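A short write-up of the structure that comes next.
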Amino acid sequence: MTQNEPKSYKTNASVYTGIATGSSIVSLEESKMDLFGTRTAFDNLINIITSRSTLEEVGLRLLASHLLLEQPRKEIIEKQNYYELMKIVPPEVKALVIRGDFKKTLKNLKEFKETDHENFIYEFINYNHRHYSSKGIRSKIRVTRVQSSDLIEIQFTSDDPGICKQTLDILIEVFIEEYSGIKVNQSDAVVKYFQLQIDDANERLNQAENELLQFNRTNNIVNYYEQTKHIASEREQTNLTYMEIQMENAAAISAMKALENKMDDYEKTLLNSTEIISLRNQLAKVNLEIALKSNAERMDADQENNLISELSALQTQSFELQQTLNNAITQKYNIENTTEGVSSGAVLNEWLNKMIEHETAKAKLIVGNQKQNEFRQLFSDYAPLGATMKRLERKIDVAEREYLALLQSLNLAKLKQQNIELNSNLKIVAAPFFPIVAEPSKRKILLVLAFLIGFIIPAFTIIALEFLDQNIRNTFRAENFIGLKVAAIFPVLGLNKSVDVEYVKNRGLDIVSRRLILNTEAANEKPKPDINLIFSVLTGEGKSLLSELLVEKLSQFGYNVLLLKPKTDDEESLTSSNILYYNIDHSFHRVSSITELVADWSGVDLKSYDYVFVEIPGILNNTYPIKLFKSSHHSFLVARANRPWSNADKNAIKDIVEFTKNNNPQLLLNGVPIEEMESVIGDLPRHRTFVRRLVKNVLRLQFFSRKNLGSRYETSKDTENQSRNSFSIKWIVLAFALLLIAGVGYFVVYPKYKTQKAKQMEIKMFEGFPQTIDNNDTLVGQPIQEMEPQVEQPIRQLEQTQGVVQHQVVVGVFRSKENARQCYYLHKQFGFEPNIVELNGGLFRVVVGSYNTRNEAEKMRKEVNDFVPNANASIVLTTETPE
């Protein structure tokens, strides 16, 4: 069974993971993990490699790559496996293949697989195909960590070297993608979370800043703190200026009063004239306008230019009013000196100047009062704005700090993401190699296991059963179990057509009878009769049948025998003179002599009997006369050989054995297997064939056991017969040895020779065939010695004939039908379905296919030439008529 065991190819690859000692972007030092974390990481990686999803993806990619092949390639898949795949793949799956486009083909296969759970691809991937199913791939993968390093080693075993390497290549590609995808997805989730949080924080920060911006716009605040500081500073400056103006005004008023005191009443009245007062009011009004416009807020360039023009005009007007007022006062007061002797012109000029200063101060005071009111209003407005701005700034600060914290976390998450991507990018240290040498066969191990299973285990079972079997079975075990000496054995009297049971029974009775006679002869001057007790532990041991047979046998020997049996309803005596029945009553256990068993001995003379047999019922279930055992001459325990000997049986005969120490009972072993009788009667009288006798003698090494020893009384005829017998046995042994050698050669050597011959036929089948190509590009192969010229019909004539033109793929044309059969069986072994067609002229054509189109025939021809070694298939055009 192990001669044609498929070969096994193994390849492996090593992948660097960097789990334990890989580098890290986060730290310049190597990343370190504890032992538990390292084991968990490697377990995760190994489980990803052996997961069902990974292996299903590997199986689909492997299937897609093989379906894309138009012809088998040894580095990808062997021919046998390729054609096996092509046969089982249905047409609807083949239609999913897009030549030259692996991705689209794989996508089509996946979509077809997900349509339902009963399609071909789903079952193909999930069942037990050795190359493409997830179970088949998992059973051939072995993933281990290389000692305590960062490397993992992946081994894959297959019966195809191309599939072996390609499967491991695809597996490494798929599990690296899966592992990287899982790692990157974990880090992507963290980065995505922080990105969403940052967006929310940024929105809150923008909202808070917009609130502050809107607040500043509403309240015209550029910089609250600088503005308040500037306002306070301006207010102080304004207050100082206002005080200075008040002082100037007070000084001007005081000076005017002093100057007026130097004037008389008439002069004072003149100064208060309507003209002077009108000029003073005009001057005050102009000065007020100048003061108001000088303190106006900043404007744009055009308004600023207009303001400057207006101020210039007002100043000019003020100057003109001053001149007019001065002229008016001069004309009205044409006085040289005052009453005090002071010049009137000097006093008037001085008063006029003070009056101008007073009017100017009055205008400034009006403006100053306005400024004071503005500052008071401004301070009342700015007071609550500070608290609101503080709250808005605090809100912005909190949002900003939250945003910065999340931004820092995002940067750290992105850094870790890059670190994970760096570490999850597994590196192939040793790529899978193409195995060119098959793995050592396990044939020796299988043979050893077969030997253990076929010999040692049965032998151990037999020995164990031998020790565990508690049945008595044979003489040796009976003496060991029961502790009594076996007097004789008696076979089981069943139906056995191959053995003369009657002869064996008689020989067994002879042996038992001989034992009884010897017991009697060994006794010195014992009176008649010889009393023998026959008992058993249980009922049904066969003592009744054995007693009756012994009585009959001894009677045949000429002895006068009497049998005493317990009386039962179904007992029948042999003869009234040889058997008596006794009753079992309450006094049976006190019986000490056989005369006490039977109440009526009239007509019976005990001394006339040579043997008296007393049958005792089963002692385990009935009472028995213990004293009778001591008074009898011999006692025999009858036991069946096909039952175990228990402690109850031992205890049952214990008292009898101790009570009869000088005359212990003997054992009659009844119902022994008939084969055990060979130990006492020799070969069993059964019909044996010559071959059986020969084999038995060979096994016993008794080749010449029947040769008689020569003596001077032998006749010449006897000597001749013995010589003839010896000579015949020698030839028989020699013939048996030759038959044995021939059998070994036929069943062992010939199959190997036949296989080797078939391989040679594969090589030489077509070497002797020349190639003749006709006008139709047909190819016919024939043996060189037997080839005759063939005339091929042109294609145009075939087209004109009635019938269907067929393109037959022919692998050979032979004159010998045997050669055609050899070619037939050769191509049959390679999975093709050839046919033998008998042609006119005694030729035989071997055809592997018949097609309507030449393209189909050409495809089959290429397949045969590629798959069958040294094949030379050709295409022959034939016409098939409707008949």
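Ordering of the structure tokens sets the chain letters (A, B, ...), residue numbers begin anew at 1 in every chain, and ligands are numbered from 1 in the order given.
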Among range 90-162 of chain A, which ones does DSSP place in helix (DSSP H, G or I), written as a count of residues only?
-> 30
Identify, on the basis of only C-alpha atoms, every residue whose closest approach to Glu678 in chain A does not exceed 12 Å; exclude the query and any residue fewer than 3 positions from it along the same chain; express the result as a list in words.
->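 Non-adjacent residues within range: Asn474, Ile489, Phe490, Pro491, Val499, Val504, Arg507, Gly508, Val672, Pro673, Ile674, Glu675, Ile681, Gly682, Asp683, Leu684, Pro685 and Arg686 of chain A.
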Pick out each residue of range 342-527 of chain A that DSSP on the backbone tags as strand (DSSP E); I need them as a PyMOL selection string.
-> chain A and resi 427-430+486-491
Using only C-alpha atoms: which of A:Lys444, A:Arg590, A:Lys354, A:Lys183 has the shortest distance to Lys416 in chain A =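 Counting only C-alpha atoms, the residue closest to Lys416 in chain A is A:Lys183.
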Do a neighbour search on Phe112 in chain A at 8 Å with only C-alpha atoms, toss out local chain neighbours closer than 4 positions, and write the hits as a list of chain:residue names.
-> A:Asn108, A:Asn119, A:Ile121
Give me the residues within 7 Å of Ala652 in chain A as a PyMOL selection string, counting only C-alpha atoms and dropping any in the same chain fewer than 2 places off.
-> chain A and resi 537+619-620+648-650+654
C-alpha atoms of the current selection, written as an mmCIF file, in the first residue's frame:
data_model
loop_
_atom_site.group_PDB
_atom_site.id
_atom_site.type_symbol
_atom_site.label_atom_id
_atom_site.label_comp_id
_atom_site.auth_asym_id
_atom_site.auth_seq_id
_atom_site.Cartn_x
_atom_site.Cartn_y
_atom_site.Cartn_z
ATOM 1 C CA VAL A 537 -19.751 -28.181 42.141
ATOM 2 C CA ILE A 619 -22.538 -29.746 46.051
ATOM 3 C CA LEU A 620 -22.810 -25.931 45.859
ATOM 4 C CA ALA A 648 -17.196 -20.093 45.546
ATOM 5 C CA ASP A 649 -16.038 -23.233 43.734
ATOM 6 C CA LYS A 650 -12.859 -23.345 45.809
ATOM 7 C CA LYS A 654 -12.426 -27.130 50.493
#
Residue among A:Leu465, A:Ile48, A:Phe120, A:Arg204 lying closest to Ile182 in chain A, counting only C-alpha atoms = A:Ile48
Could you tell me which of A:Asp469, A:Glu402, A:Asp510, A:Asp159 comes closest to Glu203 in chain A if we count only C-alpha atoms?
-> A:Glu402
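The interatomic distance for the pair CA of Arg861 in chain A and CA of Leu63 in chain A works out to 25.2 Å.
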